[in-house]
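> Sharing upload-v3.cif below, mmCIF, C-alpha atoms:
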data_coords
#
loop_
_atom_site.label_atom_id
_atom_site.label_comp_id
_atom_site.auth_asym_id
_atom_site.auth_seq_id
_atom_site.Cartn_x
_atom_site.Cartn_y
_atom_site.Cartn_z
CA MET A 1 15.98 44.45 -69.62
CA THR A 2 12.62 42.69 -69.33
CA GLU A 3 12.12 40.73 -66.13
CA ARG A 4 11.68 37.00 -66.55
CA ALA A 5 8.11 35.69 -66.49
CA PRO A 6 7.09 34.06 -63.17
CA VAL A 7 6.87 30.34 -62.57
CA SER A 8 3.47 28.60 -62.57
CA ARG A 9 1.06 30.10 -60.05
CA LYS A 10 -0.91 26.85 -59.97
CA LEU A 11 2.09 24.70 -59.09
CA SER A 12 3.39 27.29 -56.64
CA SER A 13 0.20 26.83 -54.62
CA ILE A 14 0.68 23.05 -54.31
CA ALA A 15 2.15 21.91 -51.00
CA GLU A 16 4.74 19.17 -50.61
CA SER A 17 3.36 15.83 -49.43
CA ALA A 18 3.27 16.14 -45.64
CA THR A 19 3.75 12.42 -45.05
CA LEU A 20 6.80 12.25 -47.31
CA LYS A 21 8.17 15.43 -45.71
CA VAL A 22 7.97 13.99 -42.20
CA ASP A 23 9.42 10.68 -43.38
CA ALA A 24 12.32 12.47 -45.10
CA LYS A 25 13.07 14.41 -41.91
CA ALA A 26 13.04 11.20 -39.89
CA LYS A 27 15.41 9.51 -42.34
CA ALA A 28 17.74 12.50 -42.27
CA LEU A 29 17.92 12.31 -38.47
CA LYS A 30 18.58 8.57 -38.67
CA SER A 31 21.45 9.20 -41.08
CA GLU A 32 22.95 11.49 -38.44
CA GLY A 33 22.98 8.55 -36.04
CA LYS A 34 19.90 9.48 -34.01
CA PRO A 35 17.71 6.55 -32.89
CA VAL A 36 14.57 7.86 -34.54
CA ILE A 37 11.58 5.55 -34.85
CA SER A 38 9.29 6.64 -37.68
CA TYR A 39 5.58 5.94 -37.97
CA ALA A 40 5.36 8.43 -40.84
CA ALA A 41 5.46 6.55 -44.13
CA GLY A 42 2.66 4.33 -45.40
CA GLU A 43 5.11 1.72 -46.60
CA PRO A 44 5.30 -1.98 -45.66
CA ASP A 45 8.62 -2.93 -44.12
CA PHE A 46 8.55 -6.34 -45.84
CA ALA A 47 10.53 -7.26 -48.94
CA THR A 48 8.57 -7.78 -52.13
CA PRO A 49 7.80 -11.54 -52.36
CA GLN A 50 10.56 -13.41 -54.17
CA PHE A 51 8.35 -14.87 -56.91
CA ILE A 52 7.47 -11.32 -57.96
CA VAL A 53 11.13 -10.34 -58.06
CA ASP A 54 11.88 -13.48 -60.07
CA ALA A 55 9.19 -12.52 -62.61
CA ALA A 56 10.87 -9.14 -63.03
CA ALA A 57 14.25 -10.78 -63.50
CA GLU A 58 12.80 -13.07 -66.14
CA ALA A 59 11.25 -10.07 -67.90
CA LEU A 60 14.71 -8.53 -68.21
CA ARG A 61 15.68 -11.39 -70.51
CA ASP A 62 12.95 -10.56 -73.02
CA PRO A 63 13.96 -7.75 -75.42
CA ALA A 64 10.29 -7.01 -76.07
CA ASN A 65 10.23 -5.35 -72.66
CA PHE A 66 12.91 -2.88 -73.77
CA ARG A 67 10.53 -1.20 -76.24
CA TYR A 68 7.50 1.06 -76.02
CA THR A 69 4.29 -0.78 -75.20
CA PRO A 70 0.69 0.50 -75.19
CA ALA A 71 0.36 3.65 -73.07
CA ALA A 72 -2.64 2.21 -71.23
CA GLY A 73 -0.68 -0.85 -70.11
CA LEU A 74 0.30 -4.35 -71.21
CA PRO A 75 -2.83 -6.13 -72.45
CA VAL A 76 -2.15 -9.17 -70.27
CA LEU A 77 -1.86 -6.98 -67.15
CA ARG A 78 -5.05 -5.09 -67.99
CA GLU A 79 -6.79 -8.46 -68.28
CA ALA A 80 -5.46 -9.47 -64.85
CA ILE A 81 -6.63 -6.17 -63.34
CA ALA A 82 -10.08 -6.66 -64.85
CA ALA A 83 -10.18 -10.13 -63.26
CA LYS A 84 -9.13 -8.71 -59.86
CA THR A 85 -11.77 -5.99 -60.14
CA LEU A 86 -14.45 -8.61 -60.65
CA ARG A 87 -13.09 -10.78 -57.85
CA ASP A 88 -12.58 -8.09 -55.20
CA SER A 89 -14.84 -5.22 -56.25
CA GLY A 90 -17.70 -7.21 -57.75
CA LEU A 91 -17.58 -5.25 -61.00
CA GLU A 92 -17.22 -6.87 -64.42
CA VAL A 93 -15.23 -4.64 -66.76
CA SER A 94 -13.48 -5.00 -70.09
CA PRO A 95 -9.67 -4.68 -70.11
CA SER A 96 -10.27 -1.62 -72.30
CA GLN A 97 -11.71 0.06 -69.20
CA VAL A 98 -8.37 -0.25 -67.39
CA ILE A 99 -5.36 2.08 -67.49
CA VAL A 100 -2.10 1.02 -65.83
CA THR A 101 -0.45 4.02 -64.16
CA ASN A 102 2.82 4.96 -62.49
CA GLY A 103 1.57 4.16 -59.01
CA GLY A 104 -1.76 4.96 -57.44
CA LYS A 105 -0.95 8.66 -57.26
CA GLN A 106 -0.96 9.03 -61.03
CA ALA A 107 -4.30 7.23 -61.15
CA VAL A 108 -5.72 9.65 -58.58
CA TYR A 109 -4.39 12.63 -60.53
CA GLN A 110 -5.80 11.39 -63.83
CA ALA A 111 -9.16 10.51 -62.30
CA PHE A 112 -9.73 14.09 -61.20
CA GLN A 113 -8.44 15.42 -64.51
CA ALA A 114 -11.00 13.20 -66.27
CA VAL A 115 -14.13 14.32 -64.41
CA VAL A 116 -13.49 17.75 -62.88
CA ASN A 117 -13.91 21.03 -64.73
CA PRO A 118 -12.76 24.47 -63.51
CA GLY A 119 -14.79 25.56 -60.50
CA ASP A 120 -16.38 22.17 -59.88
CA GLU A 121 -16.71 21.21 -56.23
CA VAL A 122 -15.45 17.84 -55.02
CA LEU A 123 -16.72 16.55 -51.69
CA LEU A 124 -13.73 15.36 -49.69
CA PRO A 125 -14.46 13.41 -46.49
CA ALA A 126 -11.92 14.30 -43.81
CA PRO A 127 -9.58 13.09 -42.46
CA TYR A 128 -8.24 12.55 -45.99
CA TRP A 129 -5.01 11.45 -47.64
CA THR A 130 -2.83 14.50 -48.11
CA THR A 131 -2.66 14.19 -51.94
CA TYR A 132 -6.41 14.42 -52.63
CA PRO A 133 -6.93 18.19 -52.16
CA GLU A 134 -3.82 18.98 -54.18
CA ALA A 135 -4.89 16.67 -57.03
CA ILE A 136 -8.33 18.29 -57.04
CA ALA A 137 -6.73 21.74 -57.20
CA LEU A 138 -4.52 20.64 -60.09
CA ALA A 139 -7.73 19.83 -61.97
CA ASP A 140 -8.95 23.38 -61.18
CA GLY A 141 -11.56 21.93 -58.85
CA VAL A 142 -12.54 23.10 -55.37
CA PRO A 143 -12.16 20.59 -52.51
CA VAL A 144 -15.02 20.78 -50.01
CA GLU A 145 -14.07 19.11 -46.74
CA VAL A 146 -16.70 17.09 -44.86
CA PHE A 147 -15.29 16.17 -41.46
CA ALA A 148 -16.14 13.14 -39.34
CA GLY A 149 -14.41 12.83 -35.98
CA ALA A 150 -13.45 9.95 -33.74
CA ASP A 151 -17.01 9.81 -32.36
CA GLN A 152 -18.14 8.75 -35.87
CA ASP A 153 -15.20 6.40 -36.36
CA TYR A 154 -14.05 9.00 -38.93
CA LYS A 155 -16.86 8.03 -41.35
CA VAL A 156 -19.11 10.64 -42.95
CA THR A 157 -22.85 10.22 -43.28
CA VAL A 158 -25.22 10.83 -46.17
CA GLU A 159 -26.72 13.69 -44.15
CA GLN A 160 -23.34 15.40 -43.93
CA LEU A 161 -22.70 14.94 -47.64
CA GLU A 162 -26.12 16.28 -48.54
CA ALA A 163 -25.56 19.35 -46.34
CA ALA A 164 -22.33 20.05 -48.23
CA ARG A 165 -23.76 19.45 -51.71
CA THR A 166 -24.38 22.43 -53.99
CA ASP A 167 -25.28 22.86 -57.64
CA ARG A 168 -21.52 22.92 -58.31
CA THR A 169 -20.88 19.51 -56.72
CA THR A 170 -19.45 17.19 -59.37
CA ALA A 171 -17.62 14.43 -57.54
CA LEU A 172 -17.13 12.63 -54.24
CA VAL A 173 -13.97 10.99 -52.93
CA PHE A 174 -14.73 7.66 -51.24
CA VAL A 175 -11.99 5.70 -49.47
CA SER A 176 -12.56 2.46 -47.58
CA PRO A 177 -10.35 1.28 -45.93
CA SER A 178 -9.15 4.78 -45.20
CA ASN A 179 -5.79 6.42 -45.23
CA PRO A 180 -5.19 8.01 -42.71
CA THR A 181 -7.69 6.49 -40.26
CA GLY A 182 -7.94 2.80 -41.13
CA SER A 183 -11.74 3.06 -40.92
CA VAL A 184 -13.86 0.73 -43.06
CA TYR A 185 -17.41 1.63 -44.06
CA THR A 186 -19.98 -1.10 -43.46
CA PRO A 187 -21.82 -2.53 -46.49
CA GLU A 188 -24.92 -0.60 -45.41
CA GLU A 189 -23.03 2.70 -45.04
CA THR A 190 -21.37 2.18 -48.40
CA ALA A 191 -24.68 1.42 -50.10
CA ALA A 192 -26.34 4.50 -48.60
CA ILE A 193 -23.57 6.80 -49.84
CA GLY A 194 -23.49 5.13 -53.24
CA GLN A 195 -27.26 5.42 -53.68
CA TRP A 196 -27.10 9.12 -52.72
CA ALA A 197 -24.36 9.74 -55.31
CA LEU A 198 -26.34 7.87 -57.95
CA GLU A 199 -29.50 9.87 -57.29
CA HIS A 200 -27.65 13.16 -57.68
CA GLY A 201 -25.51 12.22 -60.70
CA ILE A 202 -22.27 12.69 -58.76
CA TRP A 203 -19.03 11.10 -59.90
CA VAL A 204 -17.32 8.89 -57.31
CA ILE A 205 -13.55 8.52 -57.15
CA SER A 206 -13.16 5.38 -55.03
CA ASP A 207 -9.64 4.63 -53.81
CA GLU A 208 -9.42 0.89 -53.12
CA ILE A 209 -5.65 0.57 -52.64
CA TYR A 210 -6.14 -0.97 -49.15
CA GLN A 211 -9.14 -3.19 -49.96
CA ASN A 212 -7.25 -6.43 -49.24
CA LEU A 213 -5.84 -5.22 -45.91
CA VAL A 214 -8.77 -5.75 -43.57
CA TYR A 215 -9.12 -7.41 -40.17
CA GLU A 216 -11.53 -9.07 -37.72
CA GLY A 217 -13.42 -10.77 -40.53
CA VAL A 218 -14.37 -7.46 -42.12
CA ARG A 219 -14.69 -7.10 -45.90
CA ALA A 220 -14.28 -3.76 -47.63
CA VAL A 221 -17.29 -3.80 -49.95
CA SER A 222 -16.70 -1.76 -53.09
CA ILE A 223 -19.16 1.04 -53.68
CA VAL A 224 -19.90 -0.35 -57.17
CA GLU A 225 -20.70 -3.73 -55.67
CA ALA A 226 -22.99 -2.14 -53.10
CA VAL A 227 -24.72 -0.05 -55.80
CA PRO A 228 -24.13 -1.67 -59.23
CA GLY A 229 -25.89 1.16 -61.04
CA LEU A 230 -23.14 3.52 -59.89
CA ALA A 231 -20.55 1.90 -62.20
CA GLY A 232 -21.29 4.39 -64.96
CA GLN A 233 -20.15 7.30 -62.79
CA THR A 234 -17.37 5.74 -60.70
CA ILE A 235 -13.61 5.53 -61.20
CA LEU A 236 -11.84 2.90 -59.09
CA VAL A 237 -8.22 3.55 -58.15
CA ASN A 238 -5.96 0.73 -56.99
CA GLY A 239 -2.46 -0.75 -57.20
CA VAL A 240 -0.01 -3.37 -55.97
CA ALA A 241 1.99 -1.13 -53.61
CA LYS A 242 0.42 -1.90 -50.24
CA THR A 243 -0.83 -5.49 -50.50
CA TYR A 244 2.38 -6.84 -52.04
CA ALA A 245 5.01 -4.53 -50.48
CA MET A 246 5.72 -2.99 -53.89
CA THR A 247 5.71 0.75 -53.13
CA GLY A 248 8.89 1.38 -55.12
CA TRP A 249 7.76 -0.54 -58.19
CA ARG A 250 5.24 2.21 -59.03
CA VAL A 251 2.37 0.27 -60.57
CA GLY A 252 -1.22 1.37 -60.04
CA TRP A 253 -4.33 1.53 -62.17
CA MET A 254 -7.67 3.17 -62.74
CA VAL A 255 -10.87 1.44 -63.83
CA GLY A 256 -13.97 3.25 -65.04
CA PRO A 257 -16.56 4.01 -67.71
CA ALA A 258 -15.29 3.91 -71.29
CA ASP A 259 -15.63 7.66 -71.93
CA ALA A 260 -13.70 8.68 -68.81
CA ILE A 261 -11.02 6.05 -69.39
CA LYS A 262 -10.64 7.15 -73.02
CA ILE A 263 -9.79 10.76 -72.14
CA ALA A 264 -7.62 9.70 -69.21
CA GLY A 265 -5.73 7.43 -71.62
CA ASN A 266 -5.24 10.33 -74.00
CA LEU A 267 -3.77 12.33 -71.12
CA GLN A 268 -1.41 9.52 -70.13
CA SER A 269 -0.24 9.12 -73.72
CA HIS A 270 1.20 12.63 -73.47
CA LEU A 271 2.06 12.63 -69.77
CA SER A 272 4.09 9.45 -69.34
CA SER A 273 3.28 6.81 -72.01
CA ASN A 274 3.61 3.26 -70.74
CA VAL A 275 4.61 2.26 -67.22
CA ASN A 276 7.97 0.51 -66.92
CA ASN A 277 7.49 -2.88 -68.58
CA ILE A 278 9.56 -4.80 -66.03
CA ALA A 279 7.43 -3.40 -63.20
CA GLN A 280 4.27 -4.29 -65.14
CA ARG A 281 5.44 -7.89 -65.47
CA ALA A 282 6.13 -7.94 -61.73
CA ALA A 283 2.63 -6.62 -61.04
CA LEU A 284 1.18 -9.32 -63.28
CA ALA A 285 2.96 -11.96 -61.21
CA ALA A 286 1.64 -10.38 -58.00
CA LEU A 287 -1.97 -10.48 -59.16
CA THR A 288 -1.91 -13.93 -60.72
CA GLY A 289 0.58 -15.75 -58.50
CA PRO A 290 0.24 -17.34 -55.04
CA GLN A 291 -1.25 -15.06 -52.40
CA THR A 292 0.35 -16.83 -49.45
CA GLU A 293 2.93 -14.16 -48.65
CA ALA A 294 0.42 -11.35 -49.06
CA GLU A 295 -1.77 -13.09 -46.50
CA GLU A 296 1.19 -13.53 -44.15
CA MET A 297 1.88 -9.79 -44.37
CA ARG A 298 -1.77 -9.03 -43.67
CA GLN A 299 -1.66 -11.21 -40.57
CA ALA A 300 1.49 -9.44 -39.39
CA PHE A 301 -0.21 -6.07 -39.84
CA ASP A 302 -3.17 -7.37 -37.85
CA ARG A 303 -0.89 -8.41 -34.98
CA ARG A 304 0.81 -5.00 -34.99
CA ARG A 305 -2.56 -3.25 -35.17
CA GLN A 306 -3.67 -4.92 -31.96
CA VAL A 307 -0.42 -4.01 -30.20
CA ILE A 308 -0.35 -0.35 -31.18
CA VAL A 309 -4.03 0.21 -30.34
CA ALA A 310 -3.63 -1.40 -26.91
CA GLU A 311 -0.43 0.50 -26.10
CA LEU A 312 -1.62 3.92 -27.31
CA ALA A 313 -4.78 3.50 -25.23
CA LYS A 314 -2.57 3.42 -22.12
CA ILE A 315 -1.64 7.09 -22.63
CA PRO A 316 -3.99 9.27 -20.55
CA GLY A 317 -6.01 11.63 -22.73
CA VAL A 318 -5.52 9.68 -25.97
CA THR A 319 -8.62 8.26 -27.67
CA VAL A 320 -7.95 5.43 -30.12
CA PRO A 321 -10.74 4.28 -32.45
CA VAL A 322 -9.96 0.71 -33.54
CA PRO A 323 -9.00 0.64 -37.24
CA LEU A 324 -10.35 -2.30 -39.23
CA GLY A 325 -8.30 -1.79 -42.39
CA ALA A 326 -5.10 -0.44 -43.96
CA PHE A 327 -2.11 -0.09 -41.60
CA TYR A 328 -2.75 3.17 -39.80
CA VAL A 329 -4.07 4.23 -36.43
CA TYR A 330 -5.44 7.76 -35.98
CA PRO A 331 -5.63 8.69 -32.30
CA ASP A 332 -7.55 11.72 -31.10
CA VAL A 333 -5.03 13.72 -29.03
CA ARG A 334 -7.03 16.88 -28.42
CA SER A 335 -6.86 16.28 -24.66
CA LEU A 336 -3.06 16.64 -24.83
CA LEU A 337 -3.32 20.11 -26.36
CA GLY A 338 -3.60 23.47 -24.61
CA ARG A 339 -1.15 22.26 -21.98
CA GLU A 340 2.51 22.44 -21.10
CA TRP A 341 4.71 19.40 -21.55
CA ARG A 342 8.26 19.56 -20.21
CA GLY A 343 7.96 23.32 -20.08
CA THR A 344 6.65 23.67 -23.65
CA ARG A 345 3.16 24.92 -24.40
CA ILE A 346 1.49 22.70 -27.03
CA ASP A 347 -1.66 24.01 -28.76
CA THR A 348 -1.83 22.12 -32.05
CA SER A 349 -1.11 18.60 -33.26
CA LEU A 350 1.53 20.10 -35.56
CA GLU A 351 3.35 21.45 -32.50
CA LEU A 352 2.75 18.13 -30.75
CA ALA A 353 4.35 16.15 -33.57
CA ASP A 354 7.41 18.43 -33.51
CA PHE A 355 7.63 18.07 -29.73
CA ILE A 356 7.41 14.27 -29.95
CA LEU A 357 10.19 14.16 -32.55
CA ASP A 358 12.44 16.45 -30.52
CA GLU A 359 11.81 14.90 -27.11
CA ALA A 360 11.17 11.21 -27.87
CA GLU A 361 12.80 10.86 -31.30
CA VAL A 362 9.56 9.44 -32.66
CA ALA A 363 8.18 10.64 -36.00
CA VAL A 364 4.40 10.88 -36.42
CA VAL A 365 2.29 12.87 -38.88
CA PRO A 366 0.09 15.64 -37.45
CA GLY A 367 -3.62 15.89 -38.17
CA GLU A 368 -3.12 19.15 -40.06
CA ALA A 369 -1.80 17.07 -42.97
CA PHE A 370 -5.18 15.32 -43.25
CA GLY A 371 -7.70 17.91 -42.08
CA PRO A 372 -8.37 19.48 -38.68
CA SER A 373 -5.79 19.70 -35.91
CA GLY A 374 -6.03 17.46 -32.87
CA TYR A 375 -5.04 14.10 -34.31
CA LEU A 376 -1.95 12.08 -35.20
CA ARG A 377 -1.42 9.41 -37.83
CA LEU A 378 0.85 6.49 -37.01
CA SER A 379 1.62 3.78 -39.55
CA TYR A 380 2.17 0.36 -38.00
CA ALA A 381 3.88 -0.96 -41.13
CA LEU A 382 7.20 -1.20 -39.35
CA GLY A 383 9.03 -3.90 -37.41
CA ASP A 384 7.40 -5.30 -34.26
CA ASP A 385 10.21 -4.31 -31.90
CA GLN A 386 10.42 -0.73 -33.15
CA LEU A 387 6.67 -0.39 -33.11
CA LEU A 388 6.47 -1.29 -29.43
CA GLU A 389 9.50 0.76 -28.40
CA GLY A 390 8.19 3.88 -30.13
CA VAL A 391 4.84 3.76 -28.34
CA GLN A 392 6.59 3.09 -25.04
CA ARG A 393 8.60 6.27 -25.58
CA LEU A 394 5.31 8.14 -26.00
CA GLN A 395 3.96 6.57 -22.82
CA LEU A 396 6.98 7.87 -20.90
CA LEU A 397 6.77 11.30 -22.54
CA PHE A 398 3.14 11.82 -21.52
CA ALA A 399 3.17 9.95 -18.21
#
Kindly transcribe the structure held in the file into structure tokens.

Amino acid sequence: MTERAPVSRKLSSIAESATLKVDAKAKALKSEGKPVISYAAGEPDFATPQFIVDAAAEALRDPANFRYTPAAGLPVLREAIAAKTLRDSGLEVSPSQVIVTNGGKQAVYQAFQAVVNPGDEVLLPAPYWTTYPEAIALADGVPVEVFAGADQDYKVTVEQLEAARTDRTTALVFVSPSNPTGSVYTPEETAAIGQWALEHGIWVISDEIYQNLVYEGVRAVSIVEAVPGLAGQTILVNGVAKTYAMTGWRVGWMVGPADAIKIAGNLQSHLSSNVNNIAQRAALAALTGPQTEAEEMRQAFDRRRQVIVAELAKIPGVTVPVPLGAFYVYPDVRSLLGREWRGTRIDTSLELADFILDEAEVAVVPGEAFGPSGYLRLSYALGDDQLLEGVQRLQLLFA
């Protein structure tokens, strides 16, 4: 009898999302009654604003929403996304240059599929979001990590990018504000990187999902606003998940040049067709409705940011660059490694994260999920009381 053919080698090489894995473990421990505090998931703890929910409820009364709609998205939502792109990214685009996707992750996946060919190298500044290298690999590309540490505020330089560039370099991932670090490139830094990419004909995949979550008067300047000529070789990725506490609604989008958007749209027509129409109507309400509650959430994140930075800095050996965007802090914990804690030798941040979960019942994501060891990611998108208690547990653990 002939042995069954193997499963996909490509998919077998793809790792599970590390952030979701840690979050799932934390939730499983909570379900067992353990008082676990989780900083793992990048998910606002707020409810979606009521006017957005009401728009979805109203959409349920319209039978038109029970039918197939254009695979690239509802025309009225694509128009609203084009308007937001002009308002926040300084780029005027036609609605035909917009594709509505099932969350930002699908937009990231399709962006790489649209511009990466087998063997192409994609420059990936590290620390990076855990999905990027896997999405590049799924496009048969080769991720090339370019690391910037805490001493650089986790921001790469043009000189580093140029040193990593080869004749196989096709694309660059640019994320500001950053997941996992919360770093925001200055307008000058953004312009320098954008001009370098333009000069070398390199595609830019710019993830702007956190562009409205910035603090201390900072503005996350889009790379296409900093270098307008780069628009012809840039795909912007965005969505409603973070700004409007809509992670479960699964609405994102990609914006880019007509030729790239055309082939990405062809892919989506076979991959998923249209995004859920009710969720699209909710996203439309989010983008066009009052922004008061979104601003209130941003202010709450800012307050929590200040608390977690101040409290983590009290732990001897922990270096905490101040994040100016998103809702993450990325402390450098290398000074805690290579030592024994409560009789346990800890050499990596992966071991450190396991130790923290076991000893303090606090879930954090180790640096290995985002690049080199020696760092931890903590999301401060959780309740104020839990946020403070969790860090206080860490202070006791490493006293």
> Around (-3.7, -0.2, -50.6) in the file's own coordinates, what residues are found within 10 Å if you use only C-alpha atoms, given back as a PyMOL selection string?
chain A and resi 42-43+104+176-179+207-213+237-245+247+252+325-327
> Keeping C-alpha atoms, export the residues of the selection given above as a PDB file, in the coordinates of the input.

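That gives us result_6.pdb:
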ATOM      1  CA  GLY A  42       2.660   4.330 -45.400  1.00  0.00           C
ATOM      2  CA  GLU A  43       5.110   1.720 -46.600  1.00  0.00           C
ATOM      3  CA  GLY A 104      -1.760   4.960 -57.440  1.00  0.00           C
ATOM      4  CA  SER A 176     -12.560   2.460 -47.580  1.00  0.00           C
ATOM      5  CA  PRO A 177     -10.350   1.280 -45.930  1.00  0.00           C
ATOM      6  CA  SER A 178      -9.150   4.780 -45.200  1.00  0.00           C
ATOM      7  CA  ASN A 179      -5.790   6.420 -45.230  1.00  0.00           C
ATOM      8  CA  ASP A 207      -9.640   4.630 -53.810  1.00  0.00           C
ATOM      9  CA  GLU A 208      -9.420   0.890 -53.120  1.00  0.00           C
ATOM     10  CA  ILE A 209      -5.650   0.570 -52.640  1.00  0.00           C
ATOM     11  CA  TYR A 210      -6.140  -0.970 -49.150  1.00  0.00           C
ATOM     12  CA  GLN A 211      -9.140  -3.190 -49.960  1.00  0.00           C
ATOM     13  CA  ASN A 212      -7.250  -6.430 -49.240  1.00  0.00           C
ATOM     14  CA  LEU A 213      -5.840  -5.220 -45.910  1.00  0.00           C
ATOM     15  CA  VAL A 237      -8.220   3.550 -58.150  1.00  0.00           C
ATOM     16  CA  ASN A 238      -5.960   0.730 -56.990  1.00  0.00           C
ATOM     17  CA  GLY A 239      -2.460  -0.750 -57.200  1.00  0.00           C
ATOM     18  CA  VAL A 240      -0.010  -3.370 -55.970  1.00  0.00           C
ATOM     19  CA  ALA A 241       1.990  -1.130 -53.610  1.00  0.00           C
ATOM     20  CA  LYS A 242       0.420  -1.900 -50.240  1.00  0.00           C
ATOM     21  CA  THR A 243      -0.830  -5.490 -50.500  1.00  0.00           C
ATOM     22  CA  TYR A 244       2.380  -6.840 -52.040  1.00  0.00           C
ATOM     23  CA  ALA A 245       5.010  -4.530 -50.480  1.00  0.00           C
ATOM     24  CA  THR A 247       5.710   0.750 -53.130  1.00  0.00           C
ATOM     25  CA  GLY A 252      -1.220   1.370 -60.040  1.00  0.00           C
ATOM     26  CA  GLY A 325      -8.300  -1.790 -42.390  1.00  0.00           C
ATOM     27  CA  ALA A 326      -5.100  -0.440 -43.960  1.00  0.00           C
ATOM     28  CA  PHE A 327      -2.110  -0.090 -41.600  1.00  0.00           C
TER      29      PHE A 327
END
> So, with only C-alpha atoms as the atoms that count, which of A:Pro133, A:Gly289, A:Gly338, A:Gly343 lies closest to Gln50 (chain A)?
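So, comparing all the options, the nearest one is A:Gly289.
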> Taking (-28.0, 16.3, -55.3) in the file's own coordinates, collect the residues within 8 Å, counting only C-alpha atoms, and hand them back as a PDB file with C-alpha atoms, in the frame of the given file.

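Output contents, as saved in part16.pdb:
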ATOM      1  CA  GLU A 162     -26.120  16.280 -48.540  1.00  0.00           C
ATOM      2  CA  ARG A 165     -23.760  19.450 -51.710  1.00  0.00           C
ATOM      3  CA  THR A 166     -24.380  22.430 -53.990  1.00  0.00           C
ATOM      4  CA  ASP A 167     -25.280  22.860 -57.640  1.00  0.00           C
ATOM      5  CA  THR A 169     -20.880  19.510 -56.720  1.00  0.00           C
ATOM      6  CA  TRP A 196     -27.100   9.120 -52.720  1.00  0.00           C
ATOM      7  CA  ALA A 197     -24.360   9.740 -55.310  1.00  0.00           C
ATOM      8  CA  GLU A 199     -29.500   9.870 -57.290  1.00  0.00           C
ATOM      9  CA  HIS A 200     -27.650  13.160 -57.680  1.00  0.00           C
ATOM     10  CA  GLY A 201     -25.510  12.220 -60.700  1.00  0.00           C
ATOM     11  CA  ILE A 202     -22.270  12.690 -58.760  1.00  0.00           C
TER      12      ILE A 202
END
> In Å, how far is it from CA of Ala55 (chain A) to CA of Ala300 (chain A)?
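Calculated distance between CA of Ala55 (chain A) and CA of Ala300 (chain A) is 24.7 Å.
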> Can you give me, as a VMD selection string, the residues this file yields under the PyMOL selection byres ((chain A and resi 118-132) around 8)?
chain A and resid 17 to 19 105 108 116 to 117 133 to 136 139 to 148 154 to 156 161 164 to 165 168 to 174 178 to 181 367 369 to 372
> For the PyMOL selection byres ((chain A and resi 82-89) around 8), applied here, can you spell out every residue it catches as a list in words?
Arg78, Glu79, Ala80, Ile81, Gly90, Leu91, Glu92, Val93, Ser94, Pro95, Val98, Gln211, Val221, Ser222, Val224, Glu225 and Leu287 of chain A
